[in-house]
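Listing of coords.cif; format and content: mmCIF, C-alpha atoms.
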data_model
loop_
_atom_site.group_PDB
_atom_site.id
_atom_site.type_symbol
_atom_site.label_atom_id
_atom_site.label_comp_id
_atom_site.auth_asym_id
_atom_site.auth_seq_id
_atom_site.Cartn_x
_atom_site.Cartn_y
_atom_site.Cartn_z
ATOM 1 C CA MET A 1 -63.819 37.453 -24.063
ATOM 2 C CA THR A 2 -62.964 34.725 -21.550
ATOM 3 C CA GLU A 3 -59.630 35.092 -19.798
ATOM 4 C CA PHE A 4 -57.820 31.957 -18.698
ATOM 5 C CA PRO A 5 -55.739 32.023 -15.503
ATOM 6 C CA ARG A 6 -52.040 32.551 -16.213
ATOM 7 C CA ALA A 7 -49.819 29.624 -15.349
ATOM 8 C CA ALA A 8 -47.606 30.230 -12.351
ATOM 9 C CA THR A 9 -43.979 30.797 -13.247
ATOM 10 C CA LYS A 10 -40.853 30.494 -11.146
ATOM 11 C CA SER A 11 -38.080 33.066 -11.248
ATOM 12 C CA PRO A 12 -34.724 31.914 -12.651
ATOM 13 C CA HIS A 13 -33.058 32.021 -9.239
ATOM 14 C CA LYS A 14 -35.703 29.725 -7.721
ATOM 15 C CA VAL A 15 -35.268 27.259 -10.587
ATOM 16 C CA ALA A 16 -31.514 27.322 -10.071
ATOM 17 C CA ARG A 17 -31.932 26.706 -6.346
ATOM 18 C CA MET A 18 -34.236 23.737 -6.944
ATOM 19 C CA PHE A 19 -31.823 22.307 -9.497
ATOM 20 C CA ALA A 20 -28.914 22.668 -7.068
ATOM 21 C CA VAL A 21 -30.791 20.839 -4.310
ATOM 22 C CA GLY A 22 -31.607 18.033 -6.715
ATOM 23 C CA VAL A 23 -28.087 17.475 -7.950
ATOM 24 C CA VAL A 24 -26.623 17.679 -4.431
ATOM 25 C CA SER A 25 -29.055 14.983 -3.336
ATOM 26 C CA SER A 26 -28.019 12.871 -6.304
ATOM 27 C CA ALA A 27 -24.362 13.426 -5.470
ATOM 28 C CA LEU A 28 -24.927 12.138 -1.945
ATOM 29 C CA VAL A 29 -26.040 8.869 -3.492
ATOM 30 C CA VAL A 30 -22.756 8.823 -5.416
ATOM 31 C CA VAL A 31 -20.840 9.354 -2.165
ATOM 32 C CA GLY A 32 -22.649 6.457 -0.532
ATOM 33 C CA SER A 33 -21.913 4.104 -3.405
ATOM 34 C CA SER A 34 -18.258 5.188 -3.427
ATOM 35 C CA VAL A 35 -17.911 4.177 0.211
ATOM 36 C CA ALA A 36 -19.406 0.771 -0.505
ATOM 37 C CA SER A 37 -16.905 0.079 -3.292
ATOM 38 C CA ALA A 38 -13.798 1.477 -1.597
ATOM 39 C CA ALA A 39 -10.476 0.687 -3.253
ATOM 40 C CA VAL A 40 -7.464 -0.986 -1.662
ATOM 41 C CA VAL A 41 -5.981 1.232 1.043
ATOM 42 C CA PRO A 42 -2.186 1.600 0.845
ATOM 43 C CA VAL A 43 -0.438 -0.177 3.732
ATOM 44 C CA ALA A 44 1.869 2.453 5.234
ATOM 45 C CA LEU A 45 4.902 0.877 6.906
ATOM 46 C CA ARG A 46 6.351 4.222 8.001
ATOM 47 C CA THR A 47 9.620 3.650 9.901
ATOM 48 C CA ALA A 48 9.354 -0.118 9.401
ATOM 49 C CA SER A 49 9.844 0.343 5.659
ATOM 50 C CA SER A 50 13.651 0.407 5.907
ATOM 51 C CA PHE A 51 13.756 -2.986 7.646
ATOM 52 C CA VAL A 52 13.985 -6.222 5.692
ATOM 53 C CA VAL A 53 14.015 -8.302 8.891
ATOM 54 C CA LEU A 54 12.092 -7.285 11.998
ATOM 55 C CA ALA A 55 11.287 -9.684 14.828
ATOM 56 C CA GLY A 56 9.720 -9.794 18.267
ATOM 57 C CA THR A 57 11.574 -12.635 19.991
ATOM 58 C CA GLY A 58 14.940 -12.619 18.266
ATOM 59 C CA VAL A 59 16.615 -13.508 14.962
ATOM 60 C CA THR A 60 18.530 -16.720 14.232
ATOM 61 C CA ASP A 61 20.713 -17.353 11.167
ATOM 62 C CA THR A 62 22.370 -20.689 10.358
ATOM 63 C CA GLY A 63 24.025 -19.916 7.006
ATOM 64 C CA PRO A 64 25.553 -16.992 5.077
ATOM 65 C CA THR A 65 22.701 -14.527 4.601
ATOM 66 C CA THR A 66 22.608 -11.133 2.902
ATOM 67 C CA LEU A 67 20.178 -8.454 4.033
ATOM 68 C CA ASN A 68 19.844 -5.472 1.714
ATOM 69 C CA GLY A 69 18.116 -3.294 4.274
ATOM 70 C CA ASP A 70 17.888 -2.875 8.047
ATOM 71 C CA LEU A 71 17.727 -5.507 10.786
ATOM 72 C CA GLY A 72 16.104 -5.321 14.223
ATOM 73 C CA THR A 73 14.348 -7.270 16.976
ATOM 74 C CA PHE A 74 12.394 -6.182 20.054
ATOM 75 C CA PRO A 75 11.546 -6.828 22.861
ATOM 76 C CA THR A 76 13.903 -9.822 22.655
ATOM 77 C CA THR A 77 17.096 -8.318 21.258
ATOM 78 C CA SER A 78 19.200 -11.447 20.665
ATOM 79 C CA ILE A 79 20.561 -12.134 17.164
ATOM 80 C CA THR A 80 22.045 -15.625 16.976
ATOM 81 C CA GLY A 81 24.539 -16.190 14.155
ATOM 82 C CA ALA A 82 24.994 -12.486 13.514
ATOM 83 C CA GLY A 83 28.519 -13.188 12.248
ATOM 84 C CA SER A 84 27.136 -14.948 9.172
ATOM 85 C CA ILE A 85 24.766 -12.101 8.263
ATOM 86 C CA THR A 86 25.883 -9.404 5.855
ATOM 87 C CA VAL A 87 23.777 -6.321 6.551
ATOM 88 C CA ASN A 88 23.813 -3.777 3.738
ATOM 89 C CA GLY A 89 21.911 -1.382 5.934
ATOM 90 C CA THR A 90 21.880 -0.916 9.704
ATOM 91 C CA ASN A 91 21.712 -3.537 12.431
ATOM 92 C CA HIS A 92 19.483 -1.683 14.880
ATOM 93 C CA ALA A 93 19.186 -4.705 17.202
ATOM 94 C CA GLY A 94 16.716 -3.502 19.862
ATOM 95 C CA ASP A 95 17.378 0.238 19.778
ATOM 96 C CA GLY A 96 14.847 3.057 19.692
ATOM 97 C CA VAL A 97 14.549 2.895 15.901
ATOM 98 C CA THR A 98 13.590 -0.762 16.104
ATOM 99 C CA GLN A 99 11.061 -0.052 18.825
ATOM 100 C CA GLY A 100 9.418 2.651 16.739
ATOM 101 C CA ALA A 101 9.399 0.348 13.724
ATOM 102 C CA LYS A 102 7.694 -2.375 15.765
ATOM 103 C CA SER A 103 4.901 0.056 16.631
ATOM 104 C CA ASP A 104 4.522 0.998 12.977
ATOM 105 C CA LEU A 105 4.514 -2.690 12.048
ATOM 106 C CA THR A 106 1.553 -3.247 14.362
ATOM 107 C CA ARG A 107 -0.358 -0.395 12.715
ATOM 108 C CA ALA A 108 0.427 -1.691 9.227
ATOM 109 C CA TYR A 109 -0.614 -5.228 10.198
ATOM 110 C CA LEU A 110 -3.991 -3.988 11.442
ATOM 111 C CA VAL A 111 -4.562 -1.954 8.268
ATOM 112 C CA ALA A 112 -3.785 -4.958 6.077
ATOM 113 C CA ALA A 113 -5.991 -7.232 8.196
ATOM 114 C CA GLY A 114 -8.886 -4.786 7.961
ATOM 115 C CA GLU A 115 -8.831 -4.262 4.187
ATOM 116 C CA GLY A 116 -12.051 -4.989 2.320
ATOM 117 C CA PRO A 117 -14.180 -5.914 0.543
ATOM 118 C CA THR A 118 -12.243 -9.107 -0.167
ATOM 119 C CA SER A 119 -12.182 -11.804 -2.826
ATOM 120 C CA PRO A 120 -12.059 -15.378 -1.483
ATOM 121 C CA ILE A 121 -9.149 -17.563 -2.582
ATOM 122 C CA ALA A 122 -8.468 -21.286 -2.470
ATOM 123 C CA ALA A 123 -5.705 -22.581 -0.232
ATOM 124 C CA ASP A 124 -3.145 -23.073 -3.050
ATOM 125 C CA LEU A 125 -2.408 -20.140 -5.348
ATOM 126 C CA ALA A 126 -0.126 -22.069 -7.727
ATOM 127 C CA GLY A 127 -0.932 -21.467 -11.377
ATOM 128 C CA ARG A 128 -3.161 -18.474 -10.694
ATOM 129 C CA THR A 129 -2.940 -15.028 -12.305
ATOM 130 C CA LEU A 130 -4.408 -12.290 -10.116
ATOM 131 C CA THR A 131 -5.003 -8.576 -10.706
ATOM 132 C CA THR A 132 -5.018 -5.799 -8.111
ATOM 133 C CA GLY A 133 -7.257 -6.506 -5.126
ATOM 134 C CA ILE A 134 -7.667 -7.862 -1.601
ATOM 135 C CA TYR A 135 -7.586 -11.653 -1.393
ATOM 136 C CA ASN A 136 -8.687 -13.534 1.692
ATOM 137 C CA SER A 137 -8.417 -17.110 2.915
ATOM 138 C CA GLY A 138 -10.204 -18.065 6.098
ATOM 139 C CA SER A 139 -7.452 -20.567 6.782
ATOM 140 C CA GLN A 140 -3.993 -21.321 5.402
ATOM 141 C CA ILE A 141 -2.557 -19.847 2.197
ATOM 142 C CA GLN A 142 -0.312 -22.206 0.258
ATOM 143 C CA LEU A 143 1.849 -21.627 -2.787
ATOM 144 C CA SER A 144 3.257 -24.800 -4.330
ATOM 145 C CA GLY A 145 4.220 -23.347 -7.726
ATOM 146 C CA ALA A 146 4.163 -20.009 -9.545
ATOM 147 C CA LEU A 147 1.702 -17.215 -8.744
ATOM 148 C CA THR A 148 1.488 -14.350 -11.247
ATOM 149 C CA LEU A 149 0.452 -10.871 -10.138
ATOM 150 C CA ASP A 150 -0.663 -8.742 -13.093
ATOM 151 C CA ALA A 151 -0.833 -4.953 -12.604
ATOM 152 C CA ALA A 152 -2.410 -4.398 -16.063
ATOM 153 C CA GLY A 153 -0.007 -1.541 -16.726
ATOM 154 C CA ASP A 154 -0.632 0.267 -13.420
ATOM 155 C CA PRO A 155 2.603 0.574 -11.402
ATOM 156 C CA ASN A 156 0.546 1.597 -8.354
ATOM 157 C CA ALA A 157 -1.593 -1.564 -8.380
ATOM 158 C CA LEU A 158 -1.879 -2.966 -4.847
ATOM 159 C CA PHE A 159 -2.155 -6.624 -3.860
ATOM 160 C CA VAL A 160 -3.113 -7.562 -0.293
ATOM 161 C CA PHE A 161 -3.364 -11.194 0.836
ATOM 162 C CA GLN A 162 -4.977 -12.119 4.152
ATOM 163 C CA ALA A 163 -4.271 -15.555 5.616
ATOM 164 C CA GLY A 164 -6.559 -16.832 8.361
ATOM 165 C CA SER A 165 -3.702 -18.955 9.718
ATOM 166 C CA ASP A 166 -0.323 -19.764 8.106
ATOM 167 C CA LEU A 167 1.433 -18.867 4.863
ATOM 168 C CA ILE A 168 3.291 -21.866 3.404
ATOM 169 C CA VAL A 169 5.463 -21.362 0.298
ATOM 170 C CA GLY A 170 6.688 -24.635 -1.158
ATOM 171 C CA PRO A 171 10.202 -25.548 -2.353
ATOM 172 C CA GLY A 172 11.061 -23.631 -5.525
ATOM 173 C CA ALA A 173 7.698 -21.839 -5.565
ATOM 174 C CA SER A 174 7.649 -18.272 -6.834
ATOM 175 C CA VAL A 175 5.721 -15.023 -7.125
ATOM 176 C CA VAL A 176 6.001 -13.530 -10.624
ATOM 177 C CA LEU A 177 5.295 -9.828 -11.211
ATOM 178 C CA THR A 178 4.079 -8.722 -14.632
ATOM 179 C CA ASN A 179 2.711 -5.684 -16.501
ATOM 180 C CA GLY A 180 4.100 -3.150 -14.033
ATOM 181 C CA ALA A 181 3.416 -4.991 -10.765
ATOM 182 C CA GLN A 182 5.934 -4.090 -8.051
ATOM 183 C CA ALA A 183 7.027 -5.952 -4.936
ATOM 184 C CA CYS A 184 6.649 -2.781 -2.863
ATOM 185 C CA ASN A 185 2.887 -2.942 -3.479
ATOM 186 C CA VAL A 186 2.413 -6.579 -2.414
ATOM 187 C CA PHE A 187 1.492 -7.376 1.210
ATOM 188 C CA TRP A 188 0.919 -10.719 2.942
ATOM 189 C CA GLN A 189 -0.926 -10.406 6.260
ATOM 190 C CA VAL A 190 -0.502 -13.684 8.130
ATOM 191 C CA THR A 191 -2.582 -14.379 11.246
ATOM 192 C CA SER A 192 -0.144 -17.037 12.468
ATOM 193 C CA SER A 193 3.311 -17.856 10.989
ATOM 194 C CA ALA A 194 4.959 -17.915 7.562
ATOM 195 C CA THR A 195 7.334 -20.521 6.123
ATOM 196 C CA LEU A 196 9.280 -20.121 2.880
ATOM 197 C CA ASN A 197 10.756 -23.472 1.906
ATOM 198 C CA SER A 198 14.107 -24.097 0.197
ATOM 199 C CA GLY A 199 14.683 -22.260 -3.055
ATOM 200 C CA ALA A 200 11.464 -20.235 -2.899
ATOM 201 C CA ARG A 201 11.555 -16.930 -4.816
ATOM 202 C CA PHE A 202 9.140 -14.669 -3.017
ATOM 203 C CA LYS A 203 7.897 -11.111 -3.640
ATOM 204 C CA GLY A 204 6.217 -8.765 -1.201
ATOM 205 C CA THR A 205 6.176 -7.793 2.456
ATOM 206 C CA ILE A 206 5.187 -10.477 4.982
ATOM 207 C CA LEU A 207 3.390 -9.094 8.038
ATOM 208 C CA ALA A 208 3.158 -12.072 10.388
ATOM 209 C CA LEU A 209 1.540 -12.054 13.803
ATOM 210 C CA THR A 210 3.884 -14.772 15.072
ATOM 211 C CA SER A 211 7.053 -16.116 13.395
ATOM 212 C CA ILE A 212 8.702 -16.298 9.959
ATOM 213 C CA TRP A 213 11.037 -19.088 8.821
ATOM 214 C CA LEU A 214 13.100 -18.916 5.627
ATOM 215 C CA LYS A 215 14.691 -22.252 4.745
ATOM 216 C CA THR A 216 17.900 -22.803 2.784
ATOM 217 C CA GLY A 217 18.276 -20.640 -0.304
ATOM 218 C CA ALA A 218 14.897 -18.883 -0.151
ATOM 219 C CA THR A 219 15.026 -15.314 -1.477
ATOM 220 C CA VAL A 220 12.710 -12.385 -0.907
ATOM 221 C CA GLU A 221 12.245 -9.113 -2.730
ATOM 222 C CA GLY A 222 10.343 -7.445 0.048
ATOM 223 C CA ARG A 223 10.437 -7.766 3.834
ATOM 224 C CA VAL A 224 9.919 -10.384 6.549
ATOM 225 C CA LEU A 225 8.352 -8.631 9.538
ATOM 226 C CA ALA A 226 7.220 -10.655 12.558
ATOM 227 C CA ARG A 227 5.227 -8.865 15.253
ATOM 228 C CA ASN A 228 5.465 -11.248 18.210
ATOM 229 C CA GLY A 229 7.680 -14.172 17.193
ATOM 230 C CA ALA A 230 11.137 -14.947 15.823
ATOM 231 C CA VAL A 231 12.655 -14.765 12.348
ATOM 232 C CA THR A 232 14.793 -17.765 11.374
ATOM 233 C CA LEU A 233 17.163 -17.544 8.392
ATOM 234 C CA ASP A 234 19.425 -19.948 6.515
ATOM 235 C CA THR A 235 21.510 -18.825 3.537
ATOM 236 C CA ASN A 236 18.992 -16.287 2.275
ATOM 237 C CA THR A 237 18.965 -13.006 0.395
ATOM 238 C CA ILE A 238 16.347 -10.406 1.321
ATOM 239 C CA THR A 239 16.224 -7.139 -0.578
ATOM 240 C CA ALA A 240 14.072 -4.134 0.253
ATOM 241 C CA PRO A 241 11.780 -3.352 -2.700
ATOM 242 C CA ARG A 242 11.945 -0.079 -4.567
ATOM 243 C CA CYS A 243 8.906 1.556 -6.108
ATOM 244 C CA THR A 244 8.844 3.465 -9.365
ATOM 245 C CA THR A 245 5.965 5.695 -10.401
ATOM 246 C CA GLY A 246 4.071 5.450 -13.669
ATOM 247 C CA VAL A 247 5.510 7.170 -16.745
ATOM 248 C CA GLY A 248 2.152 8.778 -17.506
ATOM 249 C CA ALA A 249 1.593 10.176 -14.022
ATOM 250 C CA ARG A 250 2.145 13.898 -13.583
ATOM 251 C CA THR A 251 1.297 16.689 -11.179
ATOM 252 C CA PRO A 252 -0.445 19.769 -12.696
ATOM 253 C CA SER A 253 1.917 22.725 -12.850
ATOM 254 C CA GLY A 254 2.125 26.182 -14.370
ATOM 255 C CA GLY A 255 -0.941 28.309 -15.022
ATOM 256 C CA VAL A 256 -4.344 27.036 -14.037
ATOM 257 C CA SER A 257 -6.655 26.300 -16.916
ATOM 258 C CA THR A 258 -10.347 25.851 -16.153
ATOM 259 C CA GLY A 259 -11.546 22.450 -17.186
ATOM 260 C CA ASP A 260 -8.281 20.508 -16.908
ATOM 261 C CA GLY A 261 -8.913 19.435 -13.318
ATOM 262 C CA SER A 262 -6.183 21.589 -11.799
ATOM 263 C CA THR A 263 -8.695 24.145 -10.471
ATOM 264 C CA TYR A 264 -9.830 21.693 -7.805
ATOM 265 C CA ALA A 265 -6.454 21.776 -6.068
ATOM 266 C CA ALA A 266 -7.231 25.256 -4.732
ATOM 267 C CA ASN A 267 -10.594 24.349 -3.222
ATOM 268 C CA SER A 268 -11.032 24.118 0.524
ATOM 269 C CA GLY A 269 -13.796 23.189 2.934
ATOM 270 C CA PRO A 270 -16.447 20.487 2.509
ATOM 271 C CA ASP A 271 -16.625 20.750 -1.282
ATOM 272 C CA ALA A 272 -12.897 20.149 -1.576
ATOM 273 C CA ASN A 273 -13.198 17.000 0.529
ATOM 274 C CA LEU A 274 -15.949 15.730 -1.739
ATOM 275 C CA VAL A 275 -13.830 16.460 -4.809
ATOM 276 C CA ALA A 276 -10.953 14.480 -3.367
ATOM 277 C CA PHE A 277 -13.247 11.621 -2.359
ATOM 278 C CA ILE A 278 -15.689 11.052 -5.181
ATOM 279 C CA GLY A 279 -13.786 12.452 -8.142
ATOM 280 C CA VAL A 280 -15.994 13.128 -11.150
ATOM 281 C CA GLY A 281 -19.181 12.910 -9.102
ATOM 282 C CA ALA A 282 -17.979 15.866 -7.018
ATOM 283 C CA VAL A 283 -18.168 18.159 -10.048
ATOM 284 C CA VAL A 284 -21.923 17.862 -9.751
ATOM 285 C CA VAL A 285 -21.804 18.984 -6.122
ATOM 286 C CA VAL A 286 -19.557 21.932 -6.903
ATOM 287 C CA GLY A 287 -21.696 22.845 -9.901
ATOM 288 C CA GLY A 288 -24.795 22.823 -7.723
ATOM 289 C CA GLY A 289 -23.073 25.028 -5.178
ATOM 290 C CA VAL A 290 -22.121 27.526 -7.872
ATOM 291 C CA LEU A 291 -25.704 27.655 -9.153
ATOM 292 C CA ALA A 292 -27.048 28.220 -5.647
ATOM 293 C CA ALA A 293 -24.540 30.996 -5.007
ATOM 294 C CA ARG A 294 -25.403 32.709 -8.255
ATOM 295 C CA SER A 295 -29.127 32.503 -7.462
ATOM 296 C CA ARG A 296 -28.580 34.173 -4.070
ATOM 297 C CA ARG A 297 -26.682 37.035 -5.676
ATOM 298 C CA ARG A 298 -29.469 37.544 -8.183
ATOM 299 C CA SER A 299 -32.066 37.488 -5.405
ATOM 300 C CA ARG A 300 -30.270 40.203 -3.454
ATOM 301 C CA ALA A 301 -30.042 42.325 -6.627
ATOM 302 C CA GLY A 302 -33.797 42.025 -7.136
ATOM 303 C CA LEU A 303 -33.529 39.930 -10.311
#
Encoded form using C-alpha cells:
Amino acid sequence: MTEFPRAATKSPHKVARMFAVGVVSSALVVVGSSVASAAVVPVALRTASSFVVLAGTGVTDTGPTTLNGDLGTFPTTSITGAGSITVNGTNHAGDGVTQGAKSDLTRAYLVAAGEGPTSPIAADLAGRTLTTGIYNSGSQIQLSGALTLDAAGDPNALFVFQAGSDLIVGPGASVVLTNGAQACNVFWQVTSSATLNSGARFKGTILALTSIWLKTGATVEGRVLARNGAVTLDTNTITAPRCTTGVGARTPSGGVSTGDGSTYAANSGPDANLVAFIGVGAVVVVGGGVLAARSRRRSRAGL
C-alpha cells in the first residue's frame, strides 16, 4: 500500500506567533495613517489664559471699557487711559506674571500657526457655517457679516483660523456659536494685526503677531493678545470665555470591568502609548502581544 507524505503541521504556539506578527504589522499601518490625519491640537494658553488684554508695546483706551479678566503689557509697560478701564480681574501691568504670560502667548501662537492639515478659506467668511477644523488663508481674513461656528453637539470642538496677514472684522459683524460651540475653543492666529470695527460682536481668542485695535463698541467673548505690538481700545467689553464639558463625558470609576475600555488605563510602556494614540486600532496590537506571550509560555512548558 502506497503511503503519501504527511503534510507538515505547525504547533499552536507557532501559529499564534505568526498571527501576532501579522496583526502588529497591520497595526503599524494604522499608526501611520493616524499620524497623517491628526486632529486639531488644543492651543494651551497656560498663564496667558487669565488675561483678556495682553500687549507688547502698551495699551491705550479712549472710552469707558470693561475688562472681565486680567490686563498686562510687556516689555512696554505703559497703559494710557487706565482711568477709563474697569478691570474685573488684575492689572498686572508689566510684572512677572505678565512676563510669564507673554512667553506662554508666544508658545500658543506658534502652536496655532503650526496646526494642520488645513482647509483653505476665502477672504470673507460672512454667511459661512463652519464645523470643527483648521482654516487657513494665505492672506487677509475678513468678516463683513455673520459667521456661524457649528460644533455638531461636541462641546470640545476646536476651531483654529490662520490669517496670512491681517484679520479685519467689519462694523456690526459677528461670530455666532451654535450646537455646543464655545468661545474658549476658538482661536484666531493673525500673522500681522487685527482690527474689530465699531459694533462688532466677536468670539474667540485673537493671537496677533503685531497689534490689535478694537473700535467703538466692539465686544469680545474671548481674549485680545498681541505679541509684539499695542492693543488699542475704545468703549469695549471683553470677557474671558468659560468652558463647560459635555454632559455625556465621564471618567471610568469603580471596579474595572474587562471590555468596557477602563482596563487600558492601567497599561504602561509602549503598548499603553499605542492605546492612547490610535484608540481602537491599538486593541489589535495589545491582542497580538497577548497571543505572543501566551505562545512563549506554552513553548517553555513543552506544549
Using the chain letters and numbers from the file, which residues does the PyMOL selection byres ((chain A and resi 202-216) around 6) grab, as a PyMOL selection string?
-> chain A and resi 109+174-175+183+186-198+201+217-218+220-235
Run through the PyMOL selection byres ((chain A and resi 170) around 7) on the given coordinates and return the selected residues as a count of residues only.
-> 10
Go through A:Ala146, A:Gly58, A:Val160, A:Tyr135 and flag the residue nearest A:Phe74, using all atoms listed in the file for the distances.
-> A:Gly58
For stretch 75-85 of chain A: contacts at 10 Å, all atoms listed in the file, fewer than 5 positions along chain excluded, given as a PyMOL selection string = chain A and resi 55-67+91-95+98-99+102+228-237
Residue nearest A:Leu110 among A:Val52, A:Leu130, A:Asp166, A:Ala44 (counting all atoms listed in the file) |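 So, comparing all the options, the nearest one is A:Ala44.
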Identify which of the residues A:Glu115, A:Asp154, A:Asp124, A:Asp70 lies closest to A:Leu54, counting all atoms listed in the file when measuring atom-to-atom distances.
->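 Of A:Glu115, A:Asp154, A:Asp124, A:Asp70, the one nearest A:Leu54, counting all atoms listed in the file, is A:Asp70.
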By how many Å are atom CA of A:Asn156 and atom CA of A:Arg46 apart?
->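 Interatomic distance here is 17.6 Å.
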Could you tell me how far atom CA of A:Pro241 lies from atom CA of A:Leu147, in Å and to one decimal?
-> 18.2 Å
Figure out the distance between atom CA of A:Ala181 and atom CA of A:Thr132, please, to one decimal in Å.
->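 Atom CA of A:Thr132 sits 8.9 Å away from atom CA of A:Ala181.
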Smallest atom-to-atom distance to A:Gln182: which of A:Ser165, A:Gln142, A:Thr244, A:Thr148, using all atoms listed in the file?
->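 Closest to A:Gln182, using all atoms listed in the file: A:Thr244.
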Would you please work out which residue, of A:Thr245, A:Ser139, A:Thr239, A:Thr178, is nearest to A:Ser49 when using only C-alpha atoms?
-> A:Thr239
Between A:Ala108, A:Val97, A:Val176, A:Leu71, smallest distance to A:Gly127 by only C-alpha atoms belongs to A:Val176
For the file shown, report as a count of residues only the outcome of the PyMOL selection byres ((chain A and resi 88) around 6) at residue level.
-> 5
